[in-house]
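Reproduced below: entry14.pdb, with PDB, C-alpha atoms and all ligand atoms.
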```
ATOM      1  CA  MET A 156     118.379 112.038  70.333  1.00  0.00           C
ATOM      2  CA  THR A 157     117.992 110.090  73.463  1.00  0.00           C
ATOM      3  CA  LYS A 158     120.913 108.501  75.086  1.00  0.00           C
ATOM      4  CA  ALA A 159     120.851 104.781  75.606  1.00  0.00           C
ATOM      5  CA  ALA A 160     119.465 103.627  78.882  1.00  0.00           C
ATOM      6  CA  LYS A 161     122.159 102.650  81.234  1.00  0.00           C
ATOM      7  CA  PRO A 162     121.836  99.316  82.932  1.00  0.00           C
ATOM      8  CA  LYS A 163     121.511  99.815  86.630  1.00  0.00           C
ATOM      9  CA  LYS A 164     123.791  97.107  87.796  1.00  0.00           C
ATOM     10  CA  THR A 165     127.101  98.770  87.456  1.00  0.00           C
ATOM     11  CA  LYS A 166     128.059  97.923  90.982  1.00  0.00           C
ATOM     12  CA  HIS A 167     129.816  94.649  91.306  1.00  0.00           C
ATOM     13  CA  LEU A 168     128.648  92.708  94.281  1.00  0.00           C
ATOM     14  CA  PRO A 169     130.750  89.685  94.982  1.00  0.00           C
ATOM     15  CA  LEU A 170     128.756  86.643  95.861  1.00  0.00           C
ATOM     16  CA  ARG A 171     129.982  83.712  97.826  1.00  0.00           C
ATOM     17  CA  THR A 172     128.446  80.376  98.519  1.00  0.00           C
ATOM     18  CA  CYS A 173     127.742  79.198 102.020  1.00  0.00           C
ATOM     19  CA  ILE A 174     129.387  75.806 102.339  1.00  0.00           C
ATOM     20  CA  SER A 175     126.514  74.634 104.483  1.00  0.00           C
ATOM     21  CA  CYS A 176     123.261  75.648 102.797  1.00  0.00           C
ATOM     22  CA  ARG A 177     124.832  76.429  99.413  1.00  0.00           C
ATOM     23  CA  GLU A 178     123.042  79.722  99.079  1.00  0.00           C
ATOM     24  CA  ASN A 179     124.732  82.490  97.219  1.00  0.00           C
ATOM     25  CA  LYS A 180     125.019  85.617  99.275  1.00  0.00           C
ATOM     26  CA  SER A 181     126.984  88.788  99.337  1.00  0.00           C
ATOM     27  CA  LYS A 182     130.120  88.656 101.391  1.00  0.00           C
ATOM     28  CA  ARG A 183     128.596  90.939 103.989  1.00  0.00           C
ATOM     29  CA  GLU A 184     126.057  88.351 104.916  1.00  0.00           C
ATOM     30  CA  LEU A 185     128.595  85.638 105.306  1.00  0.00           C
ATOM     31  CA  LEU A 186     131.352  84.850 107.704  1.00  0.00           C
ATOM     32  CA  ARG A 187     134.720  83.913 106.421  1.00  0.00           C
ATOM     33  CA  VAL A 188     136.561  81.018 107.902  1.00  0.00           C
ATOM     34  CA  VAL A 189     140.151  80.574 107.059  1.00  0.00           C
ATOM     35  CA  ARG A 190     142.645  77.786 107.103  1.00  0.00           C
ATOM     36  CA  THR A 191     145.876  79.401 108.014  1.00  0.00           C
ATOM     37  CA  PRO A 192     149.133  78.354 106.366  1.00  0.00           C
ATOM     38  CA  ASP A 193     150.063  76.413 109.474  1.00  0.00           C
ATOM     39  CA  GLY A 194     146.918  74.340 109.373  1.00  0.00           C
ATOM     40  CA  HIS A 195     144.661  76.065 111.879  1.00  0.00           C
ATOM     41  CA  VAL A 196     141.041  76.770 111.184  1.00  0.00           C
ATOM     42  CA  ALA A 197     139.667  80.017 112.542  1.00  0.00           C
ATOM     43  CA  ILE A 198     136.998  82.620 112.019  1.00  0.00           C
ATOM     44  CA  ASP A 199     138.252  85.495 109.998  1.00  0.00           C
ATOM     45  CA  ALA A 200     136.068  88.296 111.237  1.00  0.00           C
ATOM     46  CA  THR A 201     137.986  90.989 109.391  1.00  0.00           C
ATOM     47  CA  GLY A 202     138.271  89.107 106.114  1.00  0.00           C
ATOM     48  CA  LYS A 203     141.926  89.904 105.935  1.00  0.00           C
ATOM     49  CA  LYS A 204     143.644  86.826 107.136  1.00  0.00           C
ATOM     50  CA  SER A 205     145.711  84.986 104.645  1.00  0.00           C
ATOM     51  CA  GLY A 206     145.048  81.392 103.885  1.00  0.00           C
ATOM     52  CA  ARG A 207     142.362  79.428 102.210  1.00  0.00           C
ATOM     53  CA  GLY A 208     138.899  80.773 102.923  1.00  0.00           C
ATOM     54  CA  ALA A 209     135.410  79.389 103.056  1.00  0.00           C
ATOM     55  CA  TYR A 210     132.147  81.155 103.729  1.00  0.00           C
ATOM     56  CA  LEU A 211     129.199  80.410 105.913  1.00  0.00           C
ATOM     57  CA  CYS A 212     126.039  82.316 106.707  1.00  0.00           C
ATOM     58  CA  ALA A 213     126.184  84.274 109.926  1.00  0.00           C
ATOM     59  CA  ARG A 214     123.515  82.164 111.479  1.00  0.00           C
ATOM     60  CA  LEU A 215     123.605  79.331 113.882  1.00  0.00           C
ATOM     61  CA  SER A 216     121.759  76.782 111.808  1.00  0.00           C
ATOM     62  CA  CYS A 217     124.299  76.807 109.014  1.00  0.00           C
ATOM     63  CA  TRP A 218     127.171  76.448 111.436  1.00  0.00           C
ATOM     64  CA  GLU A 219     125.618  73.623 113.313  1.00  0.00           C
ATOM     65  CA  LEU A 220     124.981  71.805 110.098  1.00  0.00           C
ATOM     66  CA  ALA A 221     128.474  72.480 108.864  1.00  0.00           C
ATOM     67  CA  MET A 222     129.942  71.131 112.078  1.00  0.00           C
ATOM     68  CA  LYS A 223     127.745  68.091 112.050  1.00  0.00           C
ATOM     69  CA  LYS A 224     128.638  67.264 108.489  1.00  0.00           C
ATOM     70  CA  LYS A 225     132.253  68.246 108.846  1.00  0.00           C
ATOM     71  CA  ARG A 226     131.938  70.668 106.006  1.00  0.00           C
ATOM     72  CA  LEU A 227     134.871  72.765 107.032  1.00  0.00           C
ATOM     73  CA  GLU A 228     137.104  69.759 107.299  1.00  0.00           C
ATOM     74  CA  GLN A 229     136.080  68.615 103.859  1.00  0.00           C
ATOM     75  CA  GLU A 230     136.517  72.046 102.439  1.00  0.00           C
ATOM     76  CA  PHE A 231     139.934  72.572 103.923  1.00  0.00           C
ATOM     77  CA  LYS A 232     141.003  68.960 103.902  1.00  0.00           C
ATOM     78  CA  VAL A 233     142.211  69.168 107.460  1.00  0.00           C
ATOM     79  CA  THR A 234     141.203  67.839 110.803  1.00  0.00           C
ATOM     80  CA  ILE A 235     140.132  70.645 113.055  1.00  0.00           C
ATOM     81  CA  SER A 236     142.096  70.451 116.259  1.00  0.00           C
ATOM     82  CA  GLU A 237     140.412  70.521 119.627  1.00  0.00           C
ATOM     83  CA  GLU A 238     141.842  73.944 120.260  1.00  0.00           C
ATOM     84  CA  ASP A 239     140.492  75.381 117.040  1.00  0.00           C
ATOM     85  CA  ARG A 240     137.216  73.694 117.610  1.00  0.00           C
ATOM     86  CA  VAL A 241     136.809  75.432 120.941  1.00  0.00           C
ATOM     87  CA  GLY A 242     137.478  78.741 119.283  1.00  0.00           C
ATOM     88  CA  LEU A 243     134.906  78.097 116.594  1.00  0.00           C
ATOM     89  CA  ASP A 244     132.342  76.895 119.093  1.00  0.00           C
ATOM     90  CA  ALA A 245     132.788  80.028 121.142  1.00  0.00           C
ATOM     91  CA  TYR A 246     132.125  82.124 118.096  1.00  0.00           C
ATOM     92  CA  ILE A 247     129.200  80.065 116.955  1.00  0.00           C
ATOM     93  CA  ALA A 248     127.595  80.509 120.342  1.00  0.00           C
ATOM     94  CA  THR A 249     127.303  84.227 119.655  1.00  0.00           C
ATOM     95  CA  LEU A 250     125.405  83.810 116.416  1.00  0.00           C
ATOM     96  CA  PRO A 251     121.691  84.446 116.166  1.00  0.00           C
ATOM     97  CA  LYS A 252     119.441  81.481 115.917  1.00  0.00           C
ATOM     98  CA  ASP A 253     117.820  81.949 112.629  1.00  0.00           C
ATOM     99  CA  GLU A 254     115.838  78.901 111.923  1.00  0.00           C
ATOM    100  CA  PRO A 255     112.925  79.313 109.588  1.00  0.00           C
ATOM    101  CA  ARG A 256     110.705  77.047 111.598  1.00  0.00           C
ATOM    102  CA  PRO A 257     107.439  77.639 113.346  1.00  0.00           C
ATOM    103  CA  PRO A 258     107.908  77.943 117.096  1.00  0.00           C
ATOM    104  CA  ARG A 259     106.127  74.726 117.731  1.00  0.00           C
ATOM    105  CA  GLU A 260     108.706  73.258 120.027  1.00  0.00           C
ATOM    106  CA  GLN A 261     108.340  75.964 122.634  1.00  0.00           C
ATOM    107  CA  THR A 262     105.311  74.393 124.148  1.00  0.00           C
ATOM    108  CA  GLY A 263     106.986  71.036 123.825  1.00  0.00           C
ATOM    109  CA  LYS A 264     106.948  68.524 126.539  1.00  0.00           C
ATOM    110  CA  ALA A 265     110.250  67.296 127.780  1.00  0.00           C
ATOM    111  CA  GLN A 266     110.321  64.201 125.655  1.00  0.00           C
ATOM    112  CA  SER A 267     108.936  65.183 122.295  1.00  0.00           C
ATOM    113  CA  THR A 268     111.225  63.377 119.962  1.00  0.00           C
ATOM    114  CA  ARG A 269     108.719  62.984 117.202  1.00  0.00           C
ATOM    115  CA  LYS A 270     107.918  66.281 115.655  1.00  0.00           C
ATOM    116  CA  ASN A 271     106.429  65.302 112.368  1.00  0.00           C
ATOM    117  CA  VAL A 272     102.976  64.591 113.631  1.00  0.00           C
ATOM    118  CA  PRO A 273     100.618  66.597 111.466  1.00  0.00           C
ATOM    119  CA  GLU A 274      98.511  69.016 113.396  1.00  0.00           C
ATOM    120  CA  VAL A 275      95.342  68.077 111.565  1.00  0.00           C
ATOM    121  CA  LEU A 276      95.127  65.092 113.857  1.00  0.00           C
ATOM    122  CA  ARG A 277      94.185  67.175 116.845  1.00  0.00           C
TER     123      ARG A 277
HETATM  124 ZN    ZN B 301     124.129  79.058 104.915  1.00  0.00          ZN
END
```

Show how you would write the structure in this file as structure tokens.
Ligand SMILES: [Zn+2]
Amino acid sequence: MTKAAKPKKTKHLPLRTCISCRENKSKRELLRVVRTPDGHVAIDATGKKSGRGAYLCARLSCWELAMKKKRLEQEFKVTISEEDRVGLDAYIATLPKDEPRPPREQTGKAQSTRKNVPEVLR
């Protein structure tokens, strides 16, 4: 008599969706942002603040996109105050730049606004 094979995934790993890139990731890979009961929006580095939460990847590109598209404001249905914005910006500035792009722009000349020129034309 053999005992039935146990499925390996017994461990429950909670996944959350980044509000910017919409990828599902484990909570460890994401940063929680919270809208506090009094209407402030702040990073919740400990994950323990009360309030409505949203998640974003801990990488600069997702935050920049979220800020540009006002994702947090849509998500929380608030206007982020200047004060809160400064706090978020300060935090964002510490994030790693993780952009999956070839380092083409490094060599760039000062005014290279067009970057979609295919390299085959060289
Ligand atoms: Zn993301």

Counting only C-alpha atoms and all ligand atoms, what residues are within 6 Å of ligand ZN 301 (chain B), given as a compact mmCIF listing (two decimals) with C-alpha atoms, keeping the file's coordinate frame?
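The resulting out-v4.txt:
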```txt
# COMPACT_ATOMS: atom_id res chain seq x y z
CA CYS A 173 127.74 79.20 102.02
CA SER A 175 126.51 74.63 104.48
CA CYS A 176 123.26 75.65 102.80
CA GLU A 178 123.04 79.72 99.08
CA LEU A 211 129.20 80.41 105.91
CA CYS A 212 126.04 82.32 106.71
CA CYS A 217 124.30 76.81 109.01
```

Evaluate the PyMOL selection byres (((chain A and resi 203) around 12) and not hetatm) and record the selected residues as a count of residues only, following the chain and residue labels used in the document.
-> 15

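The list of residues with at least one atom within 9 Å of Arg171 in chain A, based on only C-alpha atoms and without residues fewer than 2 positions apart in the same chain, reads Pro169, Cys173, Glu178, Asn179, Lys180, Ser181, Lys182, Leu185, Ala209, Tyr210 and Leu211 of chain A.
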
Got a sec: who's within 8 Å of range 231-244 of chain A, counting all atoms listed in the file, leaving out chain neighbours fewer than 3 positions off, as a ChimeraX atom specification?
-> /A:190,194-198,207,227-228,247-248

Could you jot down the CA of Pro192 in chain A to CA of His167 in chain A separation for me, Å, one decimal place?
->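 Atom-to-atom, CA of Pro192 in chain A and CA of His167 in chain A are spaced 29.4 Å apart.
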
How many Å lie between CA of Glu230 in chain A and CA of Ile174 in chain A, rounded to one decimal?
->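 So the answer is 8.1 Å.
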